[in-house]
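K.L.:
So here's upload_8.pdb, just PDB, C-alpha atoms:
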```pdb
MODEL        1
ATOM      1  CA  MET A 256       0.000   0.000   0.000  1.00  0.00           C
ATOM      2  CA  ASP A 257       1.397   3.427  -0.969  1.00  0.00           C
ATOM      3  CA  THR A 258       1.806   6.045   1.727  1.00  0.00           C
ATOM      4  CA  LEU A 259       0.328   9.461   0.924  1.00  0.00           C
ATOM      5  CA  VAL A 260       1.937  11.248   3.840  1.00  0.00           C
ATOM      6  CA  SER A 261       5.689  11.666   3.801  1.00  0.00           C
ATOM      7  CA  ASN A 262       7.778  12.599   6.789  1.00  0.00           C
ATOM      8  CA  THR A 263      10.623  13.654   4.508  1.00  0.00           C
ATOM      9  CA  PRO A 264      11.535  17.323   5.094  1.00  0.00           C
ATOM     10  CA  THR A 265      11.056  19.649   2.177  1.00  0.00           C
ATOM     11  CA  LYS A 266      13.886  21.539   0.507  1.00  0.00           C
ATOM     12  CA  PRO A 267      13.662  25.112  -0.882  1.00  0.00           C
ATOM     13  CA  THR A 268      14.014  23.655  -4.407  1.00  0.00           C
ATOM     14  CA  ASP A 269      11.035  21.259  -4.091  1.00  0.00           C
ATOM     15  CA  LYS A 270       8.055  21.967  -6.356  1.00  0.00           C
ATOM     16  CA  PHE A 271       4.579  21.370  -4.991  1.00  0.00           C
ATOM     17  CA  GLN A 272       1.034  20.802  -6.146  1.00  0.00           C
ATOM     18  CA  SER A 273      -2.069  21.429  -4.056  1.00  0.00           C
ATOM     19  CA  ALA A 274      -2.159  17.765  -2.936  1.00  0.00           C
ATOM     20  CA  ASP A 275       1.280  18.312  -1.322  1.00  0.00           C
ATOM     21  CA  PHE A 276       0.118  20.987   1.106  1.00  0.00           C
ATOM     22  CA  HIS A 277       0.838  18.759   4.114  1.00  0.00           C
ATOM     23  CA  ARG A 278       4.536  18.819   3.103  1.00  0.00           C
ATOM     24  CA  THR A 279       4.901  22.602   2.781  1.00  0.00           C
ATOM     25  CA  TYR A 280       5.644  23.664   6.328  1.00  0.00           C
ATOM     26  CA  ALA A 281       7.804  26.736   6.738  1.00  0.00           C
ATOM     27  CA  ARG A 282      11.544  26.206   6.806  1.00  0.00           C
ATOM     28  CA  PRO A 283      13.040  29.705   7.098  1.00  0.00           C
ATOM     29  CA  GLU A 284      16.541  30.241   5.842  1.00  0.00           C
ATOM     30  CA  VAL A 285      18.673  33.355   5.811  1.00  0.00           C
ATOM     31  CA  ARG A 286      19.563  34.638   2.362  1.00  0.00           C
ATOM     32  CA  MET A 287      22.139  37.203   3.317  1.00  0.00           C
ATOM     33  CA  PRO A 288      22.458  39.959   0.694  1.00  0.00           C
ATOM     34  CA  GLU A 289      25.738  41.728   0.135  1.00  0.00           C
ATOM     35  CA  LYS A 290      24.245  45.161   0.855  1.00  0.00           C
ATOM     36  CA  LEU A 291      22.723  45.770   4.316  1.00  0.00           C
ATOM     37  CA  HIS A 292      23.346  49.509   4.677  1.00  0.00           C
ATOM     38  CA  HIS A 293      22.600  52.610   2.607  1.00  0.00           C
ATOM     39  CA  ALA A 294      24.544  55.527   4.024  1.00  0.00           C
ATOM     40  CA  ASN A 295      23.474  59.136   3.477  1.00  0.00           C
ATOM     41  CA  VAL A 296      20.328  58.359   1.503  1.00  0.00           C
ATOM     42  CA  GLU A 297      19.511  61.953   0.599  1.00  0.00           C
ATOM     43  CA  GLN A 298      23.117  62.779  -0.299  1.00  0.00           C
ATOM     44  CA  ALA A 299      23.029  60.049  -2.965  1.00  0.00           C
ATOM     45  CA  GLY A 300      20.609  62.318  -4.853  1.00  0.00           C
ATOM     46  CA  ALA A 301      16.979  62.284  -5.859  1.00  0.00           C
ATOM     47  CA  HIS A 302      15.698  59.629  -8.233  1.00  0.00           C
ATOM     48  CA  ASP A 303      15.516  61.703 -11.424  1.00  0.00           C
ATOM     49  CA  GLN A 304      12.754  59.902 -13.332  1.00  0.00           C
ATOM     50  CA  PHE A 305      10.472  59.406 -10.331  1.00  0.00           C
ATOM     51  CA  SER A 306      11.091  62.923  -9.009  1.00  0.00           C
ATOM     52  CA  THR A 307      10.297  64.425 -12.425  1.00  0.00           C
ATOM     53  CA  GLU A 308       7.122  62.357 -12.750  1.00  0.00           C
ATOM     54  CA  ARG A 309       5.954  63.187  -9.228  1.00  0.00           C
ATOM     55  CA  LYS A 310       7.097  66.833  -9.558  1.00  0.00           C
ATOM     56  CA  HIS A 311       8.877  66.768  -6.204  1.00  0.00           C
ATOM     57  CA  PRO A 312      12.141  65.246  -4.960  1.00  0.00           C
ATOM     58  CA  VAL A 313      12.044  61.545  -4.053  1.00  0.00           C
ATOM     59  CA  PHE A 314      15.010  59.676  -2.565  1.00  0.00           C
ATOM     60  CA  PHE A 315      14.928  55.872  -2.746  1.00  0.00           C
ATOM     61  CA  VAL A 316      16.397  53.855   0.098  1.00  0.00           C
ATOM     62  CA  ASP A 317      18.558  51.485  -1.972  1.00  0.00           C
ATOM     63  CA  LEU A 318      18.484  48.186  -0.101  1.00  0.00           C
ATOM     64  CA  PRO A 319      17.745  44.700  -1.492  1.00  0.00           C
ATOM     65  CA  THR A 320      14.150  44.450  -0.254  1.00  0.00           C
ATOM     66  CA  VAL A 321      11.697  42.195  -2.077  1.00  0.00           C
ATOM     67  CA  VAL A 322       8.552  42.927  -0.064  1.00  0.00           C
ATOM     68  CA  LEU A 323       8.640  46.582   0.969  1.00  0.00           C
ATOM     69  CA  SER A 324      10.226  49.850  -0.045  1.00  0.00           C
ATOM     70  CA  MET A 325      11.109  53.078   1.703  1.00  0.00           C
ATOM     71  CA  THR A 326      11.515  56.488   0.138  1.00  0.00           C
ATOM     72  CA  ILE A 327      12.127  59.963   1.472  1.00  0.00           C
ATOM     73  CA  GLY A 328      10.022  62.583  -0.230  1.00  0.00           C
ATOM     74  CA  GLY A 329       9.845  66.322  -0.124  1.00  0.00           C
ATOM     75  CA  LEU A 330       7.243  68.908  -0.991  1.00  0.00           C
ATOM     76  CA  LEU A 331       8.466  72.345  -1.925  1.00  0.00           C
ATOM     77  CA  PRO A 332       6.752  75.368  -0.315  1.00  0.00           C
ATOM     78  CA  GLY A 333       3.182  75.612  -1.605  1.00  0.00           C
ATOM     79  CA  GLN A 334       3.554  72.508  -3.774  1.00  0.00           C
ATOM     80  CA  VAL A 335       0.674  70.171  -4.625  1.00  0.00           C
ATOM     81  CA  THR A 336       1.379  66.821  -6.270  1.00  0.00           C
ATOM     82  CA  ASN A 337      -0.550  65.250  -9.125  1.00  0.00           C
ATOM     83  CA  GLN A 338      -3.382  62.926  -8.269  1.00  0.00           C
ATOM     84  CA  HIS A 339      -2.380  59.269  -8.567  1.00  0.00           C
ATOM     85  CA  ARG A 340      -3.304  55.783  -7.343  1.00  0.00           C
ATOM     86  CA  HIS A 341      -1.627  52.388  -7.077  1.00  0.00           C
ATOM     87  CA  THR A 342      -2.318  48.778  -6.181  1.00  0.00           C
ATOM     88  CA  TYR A 343       0.015  48.856  -3.182  1.00  0.00           C
ATOM     89  CA  GLU A 344      -0.461  50.258   0.319  1.00  0.00           C
ATOM     90  CA  THR A 345       1.477  53.260   1.576  1.00  0.00           C
ATOM     91  CA  VAL A 346       2.209  54.472   5.083  1.00  0.00           C
ATOM     92  CA  ILE A 347       3.714  57.962   5.291  1.00  0.00           C
ATOM     93  CA  TYR A 348       5.506  59.413   8.303  1.00  0.00           C
ATOM     94  CA  VAL A 349       5.905  63.196   8.233  1.00  0.00           C
ATOM     95  CA  ILE A 350       9.396  64.315   9.262  1.00  0.00           C
ATOM     96  CA  GLU A 351       8.855  68.072   8.934  1.00  0.00           C
ATOM     97  CA  GLY A 352       6.330  70.568   7.670  1.00  0.00           C
ATOM     98  CA  GLU A 353       2.545  70.869   7.519  1.00  0.00           C
ATOM     99  CA  GLY A 354       0.166  69.942   4.784  1.00  0.00           C
ATOM    100  CA  TYR A 355      -2.635  67.722   3.654  1.00  0.00           C
ATOM    101  CA  THR A 356      -3.335  64.576   1.715  1.00  0.00           C
ATOM    102  CA  GLN A 357      -6.529  64.273  -0.305  1.00  0.00           C
ATOM    103  CA  ILE A 358      -7.557  60.588  -0.288  1.00  0.00           C
ATOM    104  CA  GLU A 359     -10.601  60.048  -2.525  1.00  0.00           C
ATOM    105  CA  ASP A 360     -13.189  62.443  -0.987  1.00  0.00           C
ATOM    106  CA  ARG A 361     -11.423  62.826   2.389  1.00  0.00           C
ATOM    107  CA  LEU A 362      -8.978  65.577   3.299  1.00  0.00           C
ATOM    108  CA  VAL A 363      -6.382  64.513   5.886  1.00  0.00           C
ATOM    109  CA  GLU A 364      -4.429  67.356   7.527  1.00  0.00           C
ATOM    110  CA  TRP A 365      -0.934  66.461   8.762  1.00  0.00           C
ATOM    111  CA  LYS A 366       2.141  67.914  10.473  1.00  0.00           C
ATOM    112  CA  ALA A 367       5.569  66.670  11.588  1.00  0.00           C
ATOM    113  CA  GLY A 368       5.217  63.544  13.719  1.00  0.00           C
ATOM    114  CA  ASP A 369       1.975  62.356  12.062  1.00  0.00           C
ATOM    115  CA  ALA A 370       1.466  59.206   9.996  1.00  0.00           C
ATOM    116  CA  ILE A 371      -0.954  58.802   7.078  1.00  0.00           C
ATOM    117  CA  TYR A 372      -2.323  55.622   5.496  1.00  0.00           C
ATOM    118  CA  ILE A 373      -3.052  55.491   1.750  1.00  0.00           C
ATOM    119  CA  PRO A 374      -5.363  52.548   0.905  1.00  0.00           C
ATOM    120  CA  ILE A 375      -4.901  50.371  -2.152  1.00  0.00           C
ATOM    121  CA  TRP A 376      -6.164  51.982  -5.414  1.00  0.00           C
ATOM    122  CA  ALA A 377      -7.384  55.195  -3.726  1.00  0.00           C
ATOM    123  CA  TRP A 378      -6.901  58.400  -5.730  1.00  0.00           C
ATOM    124  CA  HIS A 379      -4.721  60.738  -3.671  1.00  0.00           C
ATOM    125  CA  ASN A 380      -2.363  63.679  -3.766  1.00  0.00           C
ATOM    126  CA  HIS A 381      -0.350  65.699  -1.263  1.00  0.00           C
ATOM    127  CA  GLY A 382      -0.042  69.406  -0.606  1.00  0.00           C
ATOM    128  CA  ASN A 383       2.299  71.579   1.431  1.00  0.00           C
ATOM    129  CA  ARG A 384       0.401  74.271   3.399  1.00  0.00           C
ATOM    130  CA  SER A 385       3.435  76.526   3.859  1.00  0.00           C
ATOM    131  CA  GLU A 386       4.472  79.023   1.182  1.00  0.00           C
ATOM    132  CA  THR A 387       7.946  79.367   2.744  1.00  0.00           C
ATOM    133  CA  ILE A 388       8.940  76.044   4.360  1.00  0.00           C
ATOM    134  CA  GLY A 389       9.319  72.660   2.673  1.00  0.00           C
ATOM    135  CA  ALA A 390       7.831  69.418   3.988  1.00  0.00           C
ATOM    136  CA  ARG A 391       9.597  66.043   4.217  1.00  0.00           C
ATOM    137  CA  TYR A 392       8.290  62.540   4.783  1.00  0.00           C
ATOM    138  CA  ILE A 393       9.219  58.869   4.768  1.00  0.00           C
ATOM    139  CA  ALA A 394       6.966  56.575   2.714  1.00  0.00           C
ATOM    140  CA  CYS A 395       6.893  52.803   3.183  1.00  0.00           C
ATOM    141  CA  GLU A 396       5.102  50.696   0.578  1.00  0.00           C
ATOM    142  CA  ASN A 397       4.584  47.044  -0.260  1.00  0.00           C
ATOM    143  CA  ALA A 398       5.201  47.808  -3.944  1.00  0.00           C
ATOM    144  CA  PRO A 399       8.172  45.412  -4.372  1.00  0.00           C
ATOM    145  CA  LEU A 400       6.021  42.474  -3.243  1.00  0.00           C
ATOM    146  CA  LEU A 401       3.402  43.268  -5.871  1.00  0.00           C
ATOM    147  CA  GLN A 402       6.055  44.019  -8.508  1.00  0.00           C
ATOM    148  CA  ASN A 403       7.631  40.608  -7.886  1.00  0.00           C
ATOM    149  CA  LEU A 404       4.201  38.986  -8.267  1.00  0.00           C
ATOM    150  CA  GLY A 405       3.605  40.951 -11.475  1.00  0.00           C
ATOM    151  CA  VAL A 406       0.527  42.805 -10.212  1.00  0.00           C
ATOM    152  CA  ALA A 407       1.826  46.274  -9.275  1.00  0.00           C
ATOM    153  CA  LEU A 408       0.023  49.063 -11.106  1.00  0.00           C
ATOM    154  CA  ARG A 409       0.270  52.841 -10.808  1.00  0.00           C
ATOM    155  CA  GLU A 410      -1.827  55.474 -12.597  1.00  0.00           C
ATOM    156  CA  GLU A 411      -1.409  59.214 -12.646  1.00  0.00           C
ATOM    157  CA  ARG A 412      -4.164  61.614 -13.693  1.00  0.00           C
ATOM    158  CA  GLY A 413      -3.136  63.617 -16.728  1.00  0.00           C
ATOM    159  CA  ARG A 414      -0.630  61.019 -17.834  1.00  0.00           C
ATOM    160  CA  ASP A 415      -2.481  57.698 -17.795  1.00  0.00           C
ATOM    161  CA  LEU A 416      -6.098  58.879 -17.779  1.00  0.00           C
TER     162      LEU A 416
ENDMDL
END
```
Output the structure of this file as structure tokens.
P.N.:
Amino acid sequence: MDTLVSNTPTKPTDKFQSADFHRTYARPEVRMPEKLHHANVEQAGAHDQFSTERKHPVFFVDLPTVVLSMTIGGLLPGQVTNQHRHTYETVIYVIEGEGYTQIEDRLVEWKAGDAIYIPIWAWHNHGNRSETIGARYIACENAPLLQNLGVALREERGRDL
């Protein structure tokens, strides 16, 4: 009689079908990348293409993440970004300045020390309330996860629609 249940541990290279679910228990392993540190993120310079598209400076934290990303963004005095949406979540932490984020039909006021959540596929844009002082923030997104799955999408009003 054939045995359907195997006590043989799985290897990272094993391929599975749905009938093999009982064999797919988690076996974490460290995959140590070469790069673990990105010194002086903002001194490395703004990401030209993304900053031009977004019409404000954006600095990418260049680390080998496959699930999440972190950027440092800035809004010039009085600046308002284009409306856009994406299939990934965003959490923004405001480092300095005061402003607002329009998320669909809701206006969220923010200042240094606040955090803002941008839901998946919600139209949104950001504005700096000050005409003399810039605003800066850190944005964390799960975009790399969706990019690696092939389902990340971003649209910008005026460019894509």
K.L.:
Apply the PyMOL selection byres ((chain A and resi 298) around 12) to the file shown and report the selected residues as an mmCIF file with C-alpha atoms, in the coordinates of the input.
P.N.:
```cif
data_model
loop_
_atom_site.group_PDB
_atom_site.id
_atom_site.type_symbol
_atom_site.label_atom_id
_atom_site.label_comp_id
_atom_site.auth_asym_id
_atom_site.auth_seq_id
_atom_site.Cartn_x
_atom_site.Cartn_y
_atom_site.Cartn_z
ATOM 1 C CA HIS A 293 22.600 52.610 2.607
ATOM 2 C CA ALA A 294 24.544 55.527 4.024
ATOM 3 C CA ASN A 295 23.474 59.136 3.477
ATOM 4 C CA VAL A 296 20.328 58.359 1.503
ATOM 5 C CA GLU A 297 19.511 61.953 0.599
ATOM 6 C CA ALA A 299 23.029 60.049 -2.965
ATOM 7 C CA GLY A 300 20.609 62.318 -4.853
ATOM 8 C CA ALA A 301 16.979 62.284 -5.859
ATOM 9 C CA HIS A 302 15.698 59.629 -8.233
ATOM 10 C CA VAL A 313 12.044 61.545 -4.053
ATOM 11 C CA PHE A 314 15.010 59.676 -2.565
ATOM 12 C CA PHE A 315 14.928 55.872 -2.746
ATOM 13 C CA VAL A 316 16.397 53.855 0.098
ATOM 14 C CA ILE A 327 12.127 59.963 1.472
#
```
K.L.:
Which value, in Å to one decimal, gives the distance between atom CA of A:Trp376 and atom CA of A:Asp415?
P.N.:
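Computing the Euclidean distance for atom CA of A:Trp376 and atom CA of A:Asp415 yields 14.1 Å.
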K.L.:
As a check of understanding, name the residues that the PyMOL selection byres ((chain A and resi 388-394) around 10) selects in the supplied structure, as a PyMOL selection string.
P.N.:
chain A and resi 312-316+324-334+345-354+366-372+382-387+395-396
K.L.:
To one decimal place, how far is atom CA of A:Val335 from atom CA of A:Asn380 in Å?
P.N.:
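Answer for the atom CA of A:Val335 to atom CA of A:Asn380 separation: 7.2 Å.
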K.L.:
For a test of reading the model, state the distance in Å between atom CA of A:Leu318 and atom CA of A:Ile373, rounded to one decimal.
P.N.:
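Going from atom CA of A:Leu318 over to atom CA of A:Ile373 covers 22.8 Å.
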K.L.:
Could you tell me which residues the PyMOL selection byres ((chain A and resi 291) around 10) returns for this structure, as a list in words?
P.N.:
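Applied to this file, the PyMOL selection byres ((chain A and resi 291) around 10) selects Met287, Pro288, Glu289, Lys290, His292, His293, Ala294, Asp317, Leu318, Pro319 and Thr320 of chain A.
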K.L.:
Sort by chain and increasing residue number a table of all residues of stretch 289-382 of chain A within 9 Å of stretch 402-406 of chain A, each with its closest pair of atoms and their distance in Å to one decimal, counting all atoms listed in the file, and write it as a Markdown table.
P.N.:
```
| residue | atom | partner | partner_atom | distance |
| --- | --- | --- | --- | --- |
| A:Val321 | CA | A:Asn403 | CA | 7.3 |
| A:Val322 | CA | A:Asn403 | CA | 8.2 |
| A:Thr342 | CA | A:Val406 | CA | 7.7 |
```
K.L.:
Taking into account only C-alpha atoms, which residue in the set A:Val285, A:Ala274, A:Glu344, A:His339 is nearest to A:Leu400?
P.N.:
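Using only C-alpha atoms, A:Leu400 sits closest to A:Glu344.
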K.L.:
Taking into account all atoms listed in the file, which residue in the set A:Leu323, A:Ile375, A:Val363, A:Gln272 is nearest to A:Leu408?
P.N.:
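The shortest atom-to-atom distance to A:Leu408 comes from A:Ile375.
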